[in-house]
Every structure is written in structure tokens, then in C-alpha cells.
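Structure file query-v1.txt with compact mmCIF, N, CA and C atoms:
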```
# COMPACT_ATOMS: atom_id res chain seq x y z
N MET A 117 0.84 -1.18 0.00
CA MET A 117 0.00 0.00 0.00
C MET A 117 0.88 1.24 0.00
N GLU A 118 0.59 2.15 -0.90
CA GLU A 118 1.38 3.39 -1.03
C GLU A 118 0.78 4.47 -0.14
N VAL A 119 1.65 5.10 0.63
CA VAL A 119 1.20 6.15 1.52
C VAL A 119 1.56 7.50 0.89
N LYS A 120 0.56 8.34 0.74
CA LYS A 120 0.79 9.67 0.19
C LYS A 120 0.95 10.65 1.34
N THR A 121 1.93 11.52 1.21
CA THR A 121 2.14 12.51 2.26
C THR A 121 1.60 13.86 1.79
N ALA A 122 1.14 14.60 2.75
CA ALA A 122 0.65 15.94 2.45
C ALA A 122 1.83 16.85 2.17
N PRO A 123 1.62 17.88 1.36
CA PRO A 123 2.71 18.82 1.12
C PRO A 123 3.15 19.47 2.43
N SER A 124 4.41 19.76 2.50
CA SER A 124 4.95 20.37 3.71
C SER A 124 4.35 21.74 3.94
N VAL A 125 4.03 22.03 5.19
CA VAL A 125 3.50 23.35 5.53
C VAL A 125 4.59 24.40 5.48
N PHE A 126 5.84 23.96 5.41
CA PHE A 126 6.96 24.88 5.37
C PHE A 126 7.40 25.24 3.96
N THR A 127 6.75 24.65 2.95
CA THR A 127 7.06 24.98 1.58
C THR A 127 6.62 26.42 1.32
N LYS A 128 7.54 27.21 0.78
CA LYS A 128 7.21 28.61 0.51
C LYS A 128 6.35 28.71 -0.74
N VAL A 129 5.18 29.25 -0.56
CA VAL A 129 4.27 29.47 -1.66
C VAL A 129 4.16 30.97 -1.86
N SER A 130 4.54 31.43 -3.04
CA SER A 130 4.46 32.86 -3.30
C SER A 130 3.24 33.17 -4.15
N PRO A 131 2.71 34.37 -3.98
CA PRO A 131 1.56 34.76 -4.79
C PRO A 131 1.89 34.74 -6.29
N TRP A 132 0.88 34.62 -7.09
CA TRP A 132 1.04 34.55 -8.54
C TRP A 132 1.84 35.74 -9.06
N VAL A 133 1.52 36.93 -8.56
CA VAL A 133 2.20 38.15 -9.03
C VAL A 133 3.69 38.11 -8.75
N GLU A 134 4.07 37.58 -7.61
CA GLU A 134 5.49 37.48 -7.28
C GLU A 134 6.16 36.39 -8.11
N LYS A 135 5.47 35.31 -8.32
CA LYS A 135 6.03 34.18 -9.06
C LYS A 135 6.36 34.56 -10.51
N TYR A 136 5.49 35.38 -11.12
CA TYR A 136 5.66 35.73 -12.52
C TYR A 136 6.13 37.17 -12.74
N ARG A 137 6.61 37.82 -11.70
CA ARG A 137 7.13 39.19 -11.82
C ARG A 137 8.40 39.17 -12.66
N PRO A 138 8.53 40.05 -13.64
CA PRO A 138 9.76 40.10 -14.45
C PRO A 138 10.99 40.37 -13.59
N ASP A 139 12.06 39.65 -13.87
CA ASP A 139 13.31 39.82 -13.12
C ASP A 139 14.25 40.83 -13.77
N LYS A 140 14.14 40.99 -15.07
CA LYS A 140 15.06 41.85 -15.80
C LYS A 140 14.31 43.05 -16.37
N VAL A 141 15.04 44.13 -16.56
CA VAL A 141 14.45 45.33 -17.16
C VAL A 141 13.91 45.00 -18.55
N ASP A 142 14.61 44.15 -19.28
CA ASP A 142 14.17 43.75 -20.63
C ASP A 142 12.82 43.03 -20.62
N ASP A 143 12.48 42.39 -19.52
CA ASP A 143 11.25 41.61 -19.44
C ASP A 143 10.01 42.45 -19.14
N ILE A 144 10.19 43.72 -18.83
CA ILE A 144 9.06 44.59 -18.52
C ILE A 144 8.29 44.87 -19.81
N SER A 145 6.98 44.65 -19.77
CA SER A 145 6.19 44.82 -20.98
C SER A 145 5.36 46.10 -20.96
N HIS A 146 5.03 46.58 -22.12
CA HIS A 146 4.17 47.75 -22.34
C HIS A 146 4.76 49.04 -21.79
N GLN A 147 6.06 49.08 -21.63
CA GLN A 147 6.75 50.29 -21.15
C GLN A 147 8.02 50.48 -21.96
N ASP A 148 7.89 50.48 -23.27
CA ASP A 148 9.06 50.49 -24.16
C ASP A 148 9.98 51.68 -23.93
N GLU A 149 9.43 52.87 -23.80
CA GLU A 149 10.26 54.07 -23.59
C GLU A 149 10.98 54.02 -22.24
N VAL A 150 10.28 53.55 -21.22
CA VAL A 150 10.88 53.44 -19.88
C VAL A 150 12.02 52.44 -19.91
N VAL A 151 11.80 51.29 -20.52
CA VAL A 151 12.83 50.25 -20.61
C VAL A 151 14.04 50.77 -21.36
N LYS A 152 13.81 51.44 -22.48
CA LYS A 152 14.91 51.98 -23.29
C LYS A 152 15.73 53.00 -22.49
N THR A 153 15.04 53.89 -21.78
CA THR A 153 15.72 54.91 -20.99
C THR A 153 16.52 54.29 -19.85
N LEU A 154 15.92 53.33 -19.15
CA LEU A 154 16.62 52.68 -18.03
C LEU A 154 17.83 51.89 -18.50
N LYS A 155 17.69 51.17 -19.62
CA LYS A 155 18.82 50.40 -20.14
C LYS A 155 19.98 51.32 -20.53
N THR A 156 19.67 52.45 -21.14
CA THR A 156 20.71 53.42 -21.50
C THR A 156 21.41 53.94 -20.25
N ALA A 157 20.63 54.27 -19.23
CA ALA A 157 21.20 54.78 -17.98
C ALA A 157 22.08 53.73 -17.31
N ILE A 158 21.63 52.48 -17.30
CA ILE A 158 22.42 51.39 -16.69
C ILE A 158 23.71 51.18 -17.48
N ASP A 159 23.62 51.14 -18.80
CA ASP A 159 24.79 50.91 -19.65
C ASP A 159 25.85 52.00 -19.50
N HIS A 160 25.40 53.25 -19.35
CA HIS A 160 26.34 54.36 -19.23
C HIS A 160 26.73 54.65 -17.78
N GLY A 161 26.11 53.95 -16.84
CA GLY A 161 26.43 54.18 -15.43
C GLY A 161 26.01 55.55 -14.95
N ASN A 162 25.02 56.12 -15.59
CA ASN A 162 24.57 57.47 -15.26
C ASN A 162 23.08 57.42 -14.92
N LEU A 163 22.76 56.93 -13.75
CA LEU A 163 21.38 56.79 -13.35
C LEU A 163 20.97 57.98 -12.48
N PRO A 164 20.03 58.78 -12.95
CA PRO A 164 19.61 59.95 -12.17
C PRO A 164 18.64 59.54 -11.06
N HIS A 165 18.25 60.49 -10.24
CA HIS A 165 17.19 60.24 -9.27
C HIS A 165 15.90 60.03 -10.06
N LEU A 166 15.10 59.08 -9.63
CA LEU A 166 13.89 58.73 -10.38
C LEU A 166 12.67 58.83 -9.49
N LEU A 167 11.56 59.19 -10.08
CA LEU A 167 10.28 59.23 -9.41
C LEU A 167 9.27 58.49 -10.28
N PHE A 168 8.74 57.39 -9.77
CA PHE A 168 7.74 56.62 -10.49
C PHE A 168 6.37 56.93 -9.90
N HIS A 169 5.41 57.16 -10.75
CA HIS A 169 4.05 57.39 -10.26
C HIS A 169 3.05 56.77 -11.22
N GLY A 170 1.88 56.49 -10.71
CA GLY A 170 0.83 55.92 -11.54
C GLY A 170 -0.10 55.10 -10.70
N PRO A 171 -1.19 54.68 -11.30
CA PRO A 171 -2.17 53.88 -10.55
C PRO A 171 -1.63 52.49 -10.22
N PRO A 172 -2.26 51.81 -9.28
CA PRO A 172 -1.83 50.46 -8.91
C PRO A 172 -1.82 49.53 -10.13
N GLY A 173 -0.84 48.66 -10.17
CA GLY A 173 -0.79 47.65 -11.23
C GLY A 173 -0.11 48.08 -12.51
N THR A 174 0.54 49.24 -12.51
CA THR A 174 1.19 49.69 -13.75
C THR A 174 2.65 49.31 -13.85
N GLY A 175 3.20 48.67 -12.82
CA GLY A 175 4.56 48.16 -12.91
C GLY A 175 5.62 48.98 -12.19
N LYS A 176 5.23 49.85 -11.31
CA LYS A 176 6.23 50.69 -10.60
C LYS A 176 7.15 49.83 -9.75
N THR A 177 6.59 48.98 -8.91
CA THR A 177 7.39 48.12 -8.04
C THR A 177 8.22 47.16 -8.87
N THR A 178 7.64 46.56 -9.87
CA THR A 178 8.36 45.62 -10.74
C THR A 178 9.55 46.30 -11.41
N THR A 179 9.34 47.51 -11.91
CA THR A 179 10.42 48.24 -12.58
C THR A 179 11.54 48.55 -11.61
N ILE A 180 11.21 48.99 -10.42
CA ILE A 180 12.24 49.32 -9.42
C ILE A 180 13.02 48.08 -9.02
N LEU A 181 12.34 46.97 -8.81
CA LEU A 181 13.04 45.74 -8.43
C LEU A 181 13.93 45.22 -9.56
N ALA A 182 13.45 45.29 -10.79
CA ALA A 182 14.26 44.86 -11.94
C ALA A 182 15.47 45.77 -12.12
N LEU A 183 15.27 47.05 -11.92
CA LEU A 183 16.37 48.01 -12.02
C LEU A 183 17.42 47.74 -10.94
N ALA A 184 16.97 47.52 -9.72
CA ALA A 184 17.91 47.22 -8.63
C ALA A 184 18.66 45.91 -8.89
N ARG A 185 17.97 44.92 -9.44
CA ARG A 185 18.61 43.65 -9.77
C ARG A 185 19.68 43.85 -10.84
N ALA A 186 19.40 44.72 -11.80
CA ALA A 186 20.38 45.01 -12.86
C ALA A 186 21.59 45.76 -12.31
N LEU A 187 21.37 46.64 -11.35
CA LEU A 187 22.47 47.43 -10.79
C LEU A 187 23.35 46.63 -9.84
N TYR A 188 22.74 45.82 -9.00
CA TYR A 188 23.48 45.16 -7.91
C TYR A 188 23.61 43.65 -8.04
N GLY A 189 22.88 43.04 -8.96
CA GLY A 189 22.95 41.60 -9.11
C GLY A 189 21.90 40.91 -8.25
N PRO A 190 21.66 39.62 -8.52
CA PRO A 190 20.58 38.90 -7.86
C PRO A 190 20.80 38.65 -6.37
N THR A 191 22.03 38.72 -5.91
CA THR A 191 22.27 38.45 -4.49
C THR A 191 22.33 39.71 -3.63
N MET A 192 22.73 40.83 -4.21
CA MET A 192 22.91 42.05 -3.43
C MET A 192 21.74 43.03 -3.47
N TYR A 193 20.86 42.89 -4.45
CA TYR A 193 19.86 43.95 -4.66
C TYR A 193 18.92 44.14 -3.46
N LYS A 194 18.58 43.08 -2.76
CA LYS A 194 17.65 43.22 -1.63
C LYS A 194 18.25 44.03 -0.49
N SER A 195 19.56 43.97 -0.33
CA SER A 195 20.20 44.73 0.75
C SER A 195 20.38 46.20 0.38
N ARG A 196 20.13 46.56 -0.86
CA ARG A 196 20.27 47.95 -1.32
C ARG A 196 18.93 48.66 -1.47
N ILE A 197 17.85 48.00 -1.06
CA ILE A 197 16.52 48.60 -1.18
C ILE A 197 15.90 48.75 0.20
N LEU A 198 15.37 49.92 0.46
CA LEU A 198 14.56 50.16 1.65
C LEU A 198 13.15 50.47 1.14
N GLU A 199 12.23 49.58 1.42
CA GLU A 199 10.86 49.76 0.95
C GLU A 199 9.99 50.15 2.13
N LEU A 200 9.38 51.31 2.03
CA LEU A 200 8.50 51.83 3.08
C LEU A 200 7.12 52.09 2.51
N ASN A 201 6.12 51.79 3.27
CA ASN A 201 4.75 52.09 2.88
C ASN A 201 4.39 53.42 3.53
N ALA A 202 4.32 54.46 2.74
CA ALA A 202 4.11 55.80 3.28
C ALA A 202 2.73 55.98 3.90
N SER A 203 1.81 55.08 3.62
CA SER A 203 0.51 55.20 4.28
C SER A 203 0.60 54.74 5.73
N ASP A 204 1.62 53.93 6.04
CA ASP A 204 1.82 53.49 7.42
C ASP A 204 2.91 54.31 8.12
N GLU A 205 3.94 54.65 7.38
CA GLU A 205 5.11 55.33 7.95
C GLU A 205 5.27 56.67 7.25
N ARG A 206 4.65 57.70 7.78
CA ARG A 206 4.62 58.94 7.04
C ARG A 206 5.17 60.14 7.78
N GLY A 207 5.71 59.96 8.93
CA GLY A 207 6.22 61.10 9.68
C GLY A 207 7.66 61.42 9.36
N ILE A 208 8.07 62.58 9.79
CA ILE A 208 9.46 63.01 9.60
C ILE A 208 10.41 62.10 10.38
N LYS A 209 9.87 61.45 11.41
CA LYS A 209 10.66 60.51 12.21
C LYS A 209 11.21 59.37 11.34
N VAL A 210 10.41 58.94 10.36
CA VAL A 210 10.84 57.88 9.44
C VAL A 210 12.04 58.35 8.64
N VAL A 211 11.99 59.57 8.15
CA VAL A 211 13.11 60.11 7.38
C VAL A 211 14.34 60.24 8.26
N ARG A 212 14.14 60.76 9.45
CA ARG A 212 15.27 60.97 10.36
C ARG A 212 15.88 59.68 10.86
N GLU A 213 15.07 58.66 11.07
CA GLU A 213 15.58 57.43 11.66
C GLU A 213 15.80 56.32 10.64
N LYS A 214 14.73 55.84 10.02
CA LYS A 214 14.85 54.67 9.14
C LYS A 214 15.68 54.93 7.89
N ILE A 215 15.36 56.00 7.18
CA ILE A 215 16.06 56.27 5.92
C ILE A 215 17.51 56.65 6.19
N LYS A 216 17.74 57.49 7.18
CA LYS A 216 19.11 57.91 7.50
C LYS A 216 19.95 56.72 7.97
N THR A 217 19.38 55.89 8.83
CA THR A 217 20.10 54.70 9.32
C THR A 217 20.42 53.75 8.17
N PHE A 218 19.44 53.55 7.29
CA PHE A 218 19.65 52.68 6.13
C PHE A 218 20.78 53.21 5.26
N ALA A 219 20.76 54.49 4.99
CA ALA A 219 21.78 55.09 4.13
C ALA A 219 23.16 54.99 4.78
N GLN A 220 23.24 55.21 6.07
CA GLN A 220 24.53 55.14 6.76
C GLN A 220 25.07 53.72 6.83
N SER A 221 24.20 52.75 7.05
CA SER A 221 24.67 51.37 7.19
C SER A 221 24.98 50.73 5.85
N ALA A 222 24.27 51.12 4.81
CA ALA A 222 24.45 50.50 3.50
C ALA A 222 25.68 51.03 2.76
N VAL A 223 26.06 52.25 3.04
CA VAL A 223 27.20 52.85 2.34
C VAL A 223 28.45 52.67 3.19
N GLY A 224 29.41 51.98 2.61
CA GLY A 224 30.68 51.81 3.28
C GLY A 224 31.67 52.83 2.76
N GLU A 225 32.81 52.35 2.35
CA GLU A 225 33.84 53.24 1.84
C GLU A 225 33.68 53.52 0.35
N GLN A 226 32.84 52.75 -0.31
CA GLN A 226 32.68 52.95 -1.74
C GLN A 226 31.39 53.71 -2.03
N LYS A 227 31.35 54.34 -3.18
CA LYS A 227 30.17 55.09 -3.58
C LYS A 227 29.14 54.10 -4.14
N ILE A 228 28.01 54.00 -3.45
CA ILE A 228 26.99 53.04 -3.82
C ILE A 228 25.65 53.76 -3.96
N ARG A 229 24.91 53.43 -4.99
CA ARG A 229 23.56 53.96 -5.12
C ARG A 229 22.62 53.15 -4.25
N LEU A 230 21.72 53.82 -3.58
CA LEU A 230 20.72 53.15 -2.76
C LEU A 230 19.35 53.42 -3.33
N VAL A 231 18.43 52.52 -3.09
CA VAL A 231 17.07 52.70 -3.54
C VAL A 231 16.18 52.84 -2.31
N VAL A 232 15.60 54.01 -2.14
CA VAL A 232 14.61 54.22 -1.09
C VAL A 232 13.27 54.28 -1.80
N PHE A 233 12.41 53.36 -1.45
CA PHE A 233 11.19 53.13 -2.19
C PHE A 233 10.00 53.42 -1.28
N LEU A 234 9.33 54.54 -1.52
CA LEU A 234 8.15 54.92 -0.74
C LEU A 234 6.90 54.56 -1.54
N LYS A 235 6.12 53.66 -1.01
CA LYS A 235 4.87 53.27 -1.66
C LYS A 235 3.72 54.06 -1.04
N LYS A 236 2.73 54.34 -1.83
CA LYS A 236 1.51 55.03 -1.39
C LYS A 236 1.81 56.38 -0.75
N THR A 237 2.53 57.19 -1.47
CA THR A 237 2.93 58.49 -0.93
C THR A 237 1.80 59.49 -0.86
N PHE A 238 0.64 59.15 -1.37
CA PHE A 238 -0.49 60.06 -1.25
C PHE A 238 -0.83 60.31 0.21
N ALA A 239 -0.39 59.41 1.10
CA ALA A 239 -0.70 59.54 2.52
C ALA A 239 0.28 60.46 3.25
N VAL A 240 1.33 60.88 2.59
CA VAL A 240 2.30 61.78 3.21
C VAL A 240 1.70 63.17 3.23
N SER A 241 1.66 63.76 4.39
CA SER A 241 1.04 65.08 4.50
C SER A 241 2.02 66.16 4.12
N PHE A 242 1.49 67.34 3.80
CA PHE A 242 2.32 68.49 3.44
C PHE A 242 3.19 68.88 4.61
N ILE A 243 2.68 68.82 5.80
CA ILE A 243 3.44 69.18 7.01
C ILE A 243 4.66 68.27 7.15
N THR A 244 4.47 66.98 6.84
CA THR A 244 5.55 66.01 6.94
C THR A 244 6.69 66.35 5.99
N CYS A 245 6.36 66.87 4.83
CA CYS A 245 7.38 67.15 3.81
C CYS A 245 8.20 68.40 4.10
N ILE A 246 7.74 69.25 4.96
CA ILE A 246 8.45 70.51 5.24
C ILE A 246 9.67 70.25 6.09
```
Take the structure in the file and give it back as C-alpha cells.
Amino acid sequence: MEVKTAPSVFTKVSPWVEKYRPDKVDDISHQDEVVKTLKTAIDHGNLPHLLFHGPPGTGKTTTILALARALYGPTMYKSRILELNASDERGIKVVREKIKTFAQSAVGEQKIRLVVFLKKTFAVSFITCI
């Protein structure tokens, strides 16, 4: 008699969106101009400060993660990104503590670009930005 075992509860199951999220800038679809501009910036090593905006589901997070993966490689990119949800963390205290600490700890003796990623910035108040 064959005994079937249930799948392990410790098996990591990721959501569909994470499973099929593009890993490379080239894999981003329906954003031809953005992809072209980012590839040129990566190739020339001249990446300016960027601001992504748009409605949910347009690829902002995917583009940022693919860009970070292209800049730092598949093993280092996660340590170079600070992702904050501005609807939860919107005070000046976040800027003074979390972002500053991240920037200080991530940058050693070499010049490194960091990615500070604020999601849902509509929740940031005008007072907070002053």
C-alpha cells in the first residue's frame, strides 16, 4: 500500500504576481520608452534620481526591483533597497531614523547607489514634507 504525504506546511508558496514578476528590465512589458531609458542609464552608469508614479498595477514596483537587480545583481539587490509604505510610515521621524540609518549602514567606503522606495505616498502630509 502506497502512503501519500501531504505537502509540507513549510514549503514557501508565493503569490502569482510574485512568481511571474519580471526579473530583468528587458522583461518589462508595455513600457518600451521606460525600458529603453533605463537600459541606457544602466549601460552608461549614469542613473539619475527617479520618481515613479501611476495607478496600482502599472509596474512601478516591478520596474524598481528589476532596475535594482540590474544594478546590484541577484544576491545584493535586496540589501540595497529600503521599501516603506508611506501610508503606514509617514512622519518626519521615518526620514530621520529609518532612511538615515539605512543610508549610513548601506554605504561603506565605496560610492553606492541606494534605492529608497516609498509606496503610497499620497498619505504623506504636506506638514511632513516641510
Query raised in the report: At what distance in Å, to one decimal, does CA of Ile144 (chain A) lie from atom N of Lys176 (chain A)?
Result: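 Taking atom N of Lys176 (chain A) as the start and CA of Ile144 (chain A) as the end point, the length is 9.7 Å.
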Query - Å distance separating atom N of His169 (chain A) from atom N of Val129 (chain A), one decimal place - result: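 Separation of atom N of His169 (chain A) and atom N of Val129 (chain A): 29.7 Å.
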Requested in this report: With a distance cut-off of 8 Å and all atoms listed in the file, select the neighbouring residues of Val141 (chain A), excluding the residue or stretch itself and same-chain residues fewer than 3 positions from it, and output the selection as a list in words.
Outcome: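 Selected residues are Pro138, Ile144, Ser145, Val150, Val151, Lys152, Leu154, Lys155, Thr178, Thr179, Leu181, Ala182, Leu183, Ala184, Arg185 and Ala186 of chain A.
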Report task. Could you find all residues in region 162-221 of chain A that DSSP calls alpha helix (DSSP H) from the backbone, and write them as a PyMOL selection string? Result -> chain A and resi 176-188+208-210+216-221
Query - Length of the CA of Phe218 (chain A) to atom C of Phe168 (chain A) vector [Å] - result: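 It comes out at 21.2 Å.
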Report task. Go through A:Tyr188, A:Gln147, A:Lys214, A:His160 and flag the residue nearest Thr174 (chain A), using only C-alpha atoms for the distances. Result ->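 For Thr174 (chain A), the nearest of the given residues is A:Gln147.
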Query raised in the report: Looking at only C-alpha atoms, which of A:Gly175, A:Leu167, A:Arg212, A:Gln220 is the one that sits closest to Arg196 (chain A)?
Result: A:Gln220
